[in-house]
Amino acid sequence: MDLIYVSYNSEKWIDGCFDSLMKSEYNLKDIFVYVVDNASKDNTVKKLEEKKGKIEGQLGKFEIIRSTENLGFGKANNLG
């Protein structure tokens, strides 16, 4: 299962989002996560990198895609 998460200044929601995902009854090795960051100005990317370091081996894939500009939801989702 592929999950695309578009973020923009989402630092405060990252823990809850991924903590919830990790409680899934779905086989975590079958989950491929692609996070597209829309040029956040807060610590979103740092928080994502920290979370990735903690859970990466438990998931099939965890990729952070950094955009240098805010593409909006639709374009960022397509990028993912």
# chains A, B, ... in the order shown; residues from 1 in each chain; ligands from 1
>>> residues_around(residues="range 54-62 of chain A", least_positions_apart="2", cutoff="9 Å", atoms="only C-alpha atoms", output="JSON, numbers by chain")
{"A": [18, 22, 27, 28, 29, 30, 31, 32, 33, 34, 35, 49, 50, 51, 52, 64]}
>>> select_by_dssp(residues="chain A", states="alpha helix (DSSP H)", output="number ranges by chain")
A: 11-22, 44-55, 72-79
>>> atom_distance(atom1="CA of Ala76 in chain A", atom2="CA of Ser24 in chain A")
25.1 Å
>>> closest_residue(among="A:Leu79, A:Glu69, A:Glu63, A:Lys47", to="Ser10 in chain A", atoms="only C-alpha atoms")
A:Lys47
>>> closest_residue(among="A:Leu3, A:Asn78, A:Trp13, A:Gly72", to="Asn38 in chain A", atoms="only C-alpha atoms")
A:Gly72
>>> atom_distance(atom1="CA of Asn70 in chain A", atom2="CA of Asn43 in chain A")
15.4 Å
>>> select_by_dssp(residues="range 15-77 of chain A", states="strand (DSSP E or B)", output="MDAnalysis selection string")
chainID A and resid 32:38 61:67
>>> write_last_selection(atoms="all heavy atoms", output="short mmCIF file (atom, residue, chain, number, x, y, z; two decimals), in the first residue's frame")
data_model
loop_
_atom_site.label_atom_id
_atom_site.label_comp_id
_atom_site.auth_asym_id
_atom_site.auth_seq_id
_atom_site.Cartn_x
_atom_site.Cartn_y
_atom_site.Cartn_z
N PHE A 32 4.35 1.66 1.96
CA PHE A 32 5.37 2.52 1.35
C PHE A 32 4.91 3.96 1.52
O PHE A 32 3.89 4.36 0.97
CB PHE A 32 5.56 2.17 -0.12
CG PHE A 32 5.99 0.75 -0.33
CD1 PHE A 32 5.05 -0.28 -0.38
CD2 PHE A 32 7.33 0.44 -0.48
CE1 PHE A 32 5.46 -1.59 -0.57
CE2 PHE A 32 7.74 -0.87 -0.66
CZ PHE A 32 6.80 -1.89 -0.71
N VAL A 33 5.65 4.73 2.31
CA VAL A 33 5.28 6.10 2.64
C VAL A 33 6.14 7.09 1.85
O VAL A 33 7.37 6.98 1.84
CB VAL A 33 5.45 6.37 4.15
CG1 VAL A 33 5.15 7.82 4.49
CG2 VAL A 33 4.57 5.43 4.97
N TYR A 34 5.47 8.02 1.20
CA TYR A 34 6.13 9.09 0.47
C TYR A 34 5.61 10.41 1.04
O TYR A 34 4.43 10.70 0.92
CB TYR A 34 5.83 9.01 -1.02
CG TYR A 34 6.20 7.68 -1.62
CD1 TYR A 34 5.29 6.63 -1.65
CD2 TYR A 34 7.48 7.47 -2.11
CE1 TYR A 34 5.64 5.40 -2.19
CE2 TYR A 34 7.84 6.24 -2.65
CZ TYR A 34 6.92 5.21 -2.68
OH TYR A 34 7.27 3.99 -3.20
N VAL A 35 6.49 11.17 1.66
CA VAL A 35 6.10 12.47 2.21
C VAL A 35 6.66 13.54 1.31
O VAL A 35 7.87 13.59 1.07
CB VAL A 35 6.62 12.66 3.64
CG1 VAL A 35 6.18 14.02 4.18
CG2 VAL A 35 6.15 11.54 4.56
N VAL A 36 5.79 14.39 0.78
CA VAL A 36 6.23 15.51 -0.04
C VAL A 36 6.09 16.76 0.81
O VAL A 36 4.99 17.12 1.22
CB VAL A 36 5.39 15.64 -1.33
CG1 VAL A 36 5.88 16.82 -2.16
CG2 VAL A 36 5.42 14.35 -2.13
N ASP A 37 7.21 17.40 1.09
CA ASP A 37 7.17 18.63 1.86
C ASP A 37 7.16 19.83 0.92
O ASP A 37 8.02 19.96 0.06
CB ASP A 37 8.36 18.74 2.82
CG ASP A 37 8.24 19.98 3.66
OD1 ASP A 37 7.36 20.00 4.54
OD2 ASP A 37 8.97 20.96 3.39
N ASN A 38 6.18 20.67 1.10
CA ASN A 38 5.95 21.85 0.25
C ASN A 38 6.72 23.07 0.75
O ASN A 38 6.15 24.12 1.01
CB ASN A 38 4.45 22.17 0.21
CG ASN A 38 3.78 21.66 -1.03
OD1 ASN A 38 4.41 21.44 -2.04
ND2 ASN A 38 2.47 21.50 -0.96
N LYS A 61 8.97 1.16 2.98
CA LYS A 61 9.74 2.30 2.47
C LYS A 61 9.26 3.57 3.16
O LYS A 61 8.07 3.70 3.49
CB LYS A 61 9.56 2.44 0.96
CG LYS A 61 10.41 3.51 0.32
CD LYS A 61 10.31 3.45 -1.19
CE LYS A 61 11.35 4.35 -1.81
NZ LYS A 61 11.43 4.18 -3.25
N PHE A 62 10.16 4.50 3.37
CA PHE A 62 9.83 5.81 3.92
C PHE A 62 10.72 6.80 3.18
O PHE A 62 11.92 6.86 3.39
CB PHE A 62 10.12 5.85 5.42
CG PHE A 62 9.62 7.08 6.14
CD1 PHE A 62 9.03 6.96 7.37
CD2 PHE A 62 9.75 8.35 5.60
CE1 PHE A 62 8.58 8.08 8.07
CE2 PHE A 62 9.30 9.48 6.27
CZ PHE A 62 8.72 9.34 7.51
N GLU A 63 10.12 7.59 2.31
CA GLU A 63 10.88 8.55 1.50
C GLU A 63 10.35 9.95 1.74
O GLU A 63 9.14 10.19 1.73
CB GLU A 63 10.76 8.19 0.03
CG GLU A 63 11.59 9.07 -0.87
CD GLU A 63 11.55 8.63 -2.33
OE1 GLU A 63 11.21 7.46 -2.60
OE2 GLU A 63 11.85 9.47 -3.19
N ILE A 64 11.27 10.89 1.94
CA ILE A 64 10.93 12.30 2.09
C ILE A 64 11.35 13.01 0.82
O ILE A 64 12.51 12.95 0.42
CB ILE A 64 11.64 12.92 3.30
CG1 ILE A 64 11.28 12.17 4.59
CG2 ILE A 64 11.28 14.41 3.43
CD1 ILE A 64 12.17 12.53 5.77
N ILE A 65 10.39 13.66 0.18
CA ILE A 65 10.65 14.40 -1.05
C ILE A 65 10.51 15.88 -0.71
O ILE A 65 9.43 16.31 -0.29
CB ILE A 65 9.66 14.00 -2.16
CG1 ILE A 65 9.75 12.50 -2.42
CG2 ILE A 65 9.91 14.81 -3.43
CD1 ILE A 65 8.58 11.93 -3.20
N ARG A 66 11.57 16.63 -0.88
CA ARG A 66 11.56 18.05 -0.53
C ARG A 66 11.37 18.91 -1.78
O ARG A 66 12.16 18.84 -2.71
CB ARG A 66 12.88 18.42 0.13
CG ARG A 66 13.09 17.74 1.46
CD ARG A 66 14.51 18.01 1.97
NE ARG A 66 14.80 17.20 3.13
CZ ARG A 66 15.32 15.97 3.09
NH1 ARG A 66 15.61 15.41 1.94
NH2 ARG A 66 15.55 15.32 4.20
N SER A 67 10.34 19.72 -1.75
CA SER A 67 10.12 20.67 -2.82
C SER A 67 10.73 22.00 -2.41
O SER A 67 10.65 22.39 -1.24
CB SER A 67 8.63 20.85 -3.09
OG SER A 67 8.42 21.83 -4.08
#
>>> atom_distance(atom1="CA of Lys41 in chain A", atom2="CA of Gly74 in chain A")
19.5 Å
>>> decode(residues="range 27-63 of chain A", atoms="N, CA, C and O atoms", output="tab-separated table (two decimals), in the first residue's frame")
chain	number	residue	atom	x	y	z
A	27	ASN	N	0.10	-5.12	7.52
A	27	ASN	CA	1.51	-5.50	7.54
A	27	ASN	C	2.36	-4.27	7.21
A	27	ASN	O	2.34	-3.78	6.09
A	28	LEU	N	3.12	-3.79	8.18
A	28	LEU	CA	3.89	-2.56	8.01
A	28	LEU	C	4.93	-2.66	6.90
A	28	LEU	O	5.25	-1.66	6.25
A	29	LYS	N	5.45	-3.84	6.65
A	29	LYS	CA	6.43	-4.01	5.57
A	29	LYS	C	5.81	-3.82	4.19
A	29	LYS	O	6.52	-3.63	3.21
A	30	ASP	N	4.48	-3.85	4.13
A	30	ASP	CA	3.78	-3.63	2.86
A	30	ASP	C	3.34	-2.18	2.68
A	30	ASP	O	2.63	-1.86	1.73
A	31	ILE	N	3.77	-1.30	3.59
A	31	ILE	CA	3.39	0.10	3.52
A	31	ILE	C	4.58	0.91	3.01
A	31	ILE	O	5.68	0.83	3.56
A	32	PHE	N	4.35	1.66	1.96
A	32	PHE	CA	5.37	2.52	1.35
A	32	PHE	C	4.91	3.96	1.52
A	32	PHE	O	3.89	4.36	0.97
A	33	VAL	N	5.65	4.73	2.31
A	33	VAL	CA	5.28	6.10	2.64
A	33	VAL	C	6.14	7.09	1.85
A	33	VAL	O	7.37	6.98	1.84
A	34	TYR	N	5.47	8.02	1.20
A	34	TYR	CA	6.13	9.09	0.47
A	34	TYR	C	5.61	10.41	1.04
A	34	TYR	O	4.43	10.70	0.92
A	35	VAL	N	6.49	11.17	1.66
A	35	VAL	CA	6.10	12.47	2.21
A	35	VAL	C	6.66	13.54	1.31
A	35	VAL	O	7.87	13.59	1.07
A	36	VAL	N	5.79	14.39	0.78
A	36	VAL	CA	6.23	15.51	-0.04
A	36	VAL	C	6.09	16.76	0.81
A	36	VAL	O	4.99	17.12	1.22
A	37	ASP	N	7.21	17.40	1.09
A	37	ASP	CA	7.17	18.63	1.86
A	37	ASP	C	7.16	19.83	0.92
A	37	ASP	O	8.02	19.96	0.06
A	38	ASN	N	6.18	20.67	1.10
A	38	ASN	CA	5.95	21.85	0.25
A	38	ASN	C	6.72	23.07	0.75
A	38	ASN	O	6.15	24.12	1.01
A	39	ALA	N	8.05	22.92	0.91
A	39	ALA	CA	8.92	24.03	1.33
A	39	ALA	C	8.50	24.63	2.67
A	39	ALA	O	8.38	25.85	2.83
A	40	SER	N	8.31	23.76	3.66
A	40	SER	CA	7.93	24.22	5.00
A	40	SER	C	8.95	25.18	5.57
A	40	SER	O	10.16	25.07	5.31
A	41	LYS	N	8.46	26.11	6.37
A	41	LYS	CA	9.30	27.11	7.02
A	41	LYS	C	9.60	26.75	8.48
A	41	LYS	O	10.43	27.39	9.11
A	42	ASP	N	8.91	25.77	9.02
A	42	ASP	CA	9.13	25.36	10.40
A	42	ASP	C	10.08	24.15	10.42
A	42	ASP	O	10.86	23.95	9.49
A	43	ASN	N	10.02	23.34	11.44
A	43	ASN	CA	10.91	22.19	11.59
A	43	ASN	C	10.31	20.90	11.05
A	43	ASN	O	10.67	19.81	11.50
A	44	THR	N	9.40	21.00	10.10
A	44	THR	CA	8.74	19.81	9.56
A	44	THR	C	9.74	18.81	9.01
A	44	THR	O	9.68	17.62	9.35
A	45	VAL	N	10.67	19.24	8.18
A	45	VAL	CA	11.61	18.30	7.56
A	45	VAL	C	12.50	17.64	8.62
A	45	VAL	O	12.73	16.44	8.58
A	46	LYS	N	12.96	18.42	9.57
A	46	LYS	CA	13.78	17.86	10.65
A	46	LYS	C	13.00	16.80	11.42
A	46	LYS	O	13.50	15.72	11.71
A	47	LYS	N	11.76	17.11	11.73
A	47	LYS	CA	10.89	16.17	12.46
A	47	LYS	C	10.66	14.91	11.64
A	47	LYS	O	10.67	13.80	12.16
A	48	LEU	N	10.44	15.07	10.33
A	48	LEU	CA	10.26	13.92	9.45
A	48	LEU	C	11.50	13.04	9.40
A	48	LEU	O	11.41	11.81	9.44
A	49	GLU	N	12.68	13.68	9.34
A	49	GLU	CA	13.92	12.91	9.32
A	49	GLU	C	14.12	12.14	10.61
A	49	GLU	O	14.56	10.99	10.59
A	50	GLU	N	13.78	12.76	11.74
A	50	GLU	CA	13.87	12.07	13.03
A	50	GLU	C	12.92	10.88	13.06
A	50	GLU	O	13.29	9.78	13.49
A	51	LYS	N	11.69	11.08	12.62
A	51	LYS	CA	10.70	10.00	12.61
A	51	LYS	C	11.14	8.88	11.68
A	51	LYS	O	11.03	7.71	12.01
A	52	LYS	N	11.66	9.25	10.52
A	52	LYS	CA	12.15	8.26	9.57
A	52	LYS	C	13.24	7.40	10.21
A	52	LYS	O	13.24	6.18	10.06
A	53	GLY	N	14.16	8.02	10.91
A	53	GLY	CA	15.23	7.29	11.57
A	53	GLY	C	14.73	6.29	12.60
A	53	GLY	O	15.33	5.23	12.79
A	54	LYS	N	13.60	6.60	13.23
A	54	LYS	CA	13.05	5.72	14.27
A	54	LYS	C	12.24	4.57	13.70
A	54	LYS	O	12.21	3.49	14.27
A	55	ILE	N	11.53	4.78	12.57
A	55	ILE	CA	10.59	3.75	12.10
A	55	ILE	C	10.91	3.18	10.73
A	55	ILE	O	10.23	2.26	10.28
A	56	GLU	N	11.92	3.69	10.07
A	56	GLU	CA	12.18	3.31	8.68
A	56	GLU	C	12.27	1.80	8.47
A	56	GLU	O	11.69	1.26	7.56
A	57	GLY	N	12.99	1.08	9.29
A	57	GLY	CA	13.16	-0.36	9.11
A	57	GLY	C	11.89	-1.16	9.31
A	57	GLY	O	11.80	-2.31	8.89
A	58	GLN	N	10.89	-0.55	9.93
A	58	GLN	CA	9.64	-1.25	10.19
A	58	GLN	C	8.67	-1.17	9.01
A	58	GLN	O	7.74	-1.95	8.92
A	59	LEU	N	8.91	-0.19	8.13
A	59	LEU	CA	8.04	0.01	6.97
A	59	LEU	C	8.73	-0.54	5.72
A	59	LEU	O	9.94	-0.69	5.68
A	60	GLY	N	7.95	-0.76	4.68
A	60	GLY	CA	8.52	-1.18	3.41
A	60	GLY	C	9.40	-0.09	2.83
A	60	GLY	O	10.47	-0.35	2.29
A	61	LYS	N	8.97	1.16	2.98
A	61	LYS	CA	9.74	2.30	2.47
A	61	LYS	C	9.26	3.57	3.16
A	61	LYS	O	8.07	3.70	3.49
A	62	PHE	N	10.16	4.50	3.37
A	62	PHE	CA	9.83	5.81	3.92
A	62	PHE	C	10.72	6.80	3.18
A	62	PHE	O	11.92	6.86	3.39
A	63	GLU	N	10.12	7.59	2.31
A	63	GLU	CA	10.88	8.55	1.50
A	63	GLU	C	10.35	9.95	1.74
A	63	GLU	O	9.14	10.19	1.73
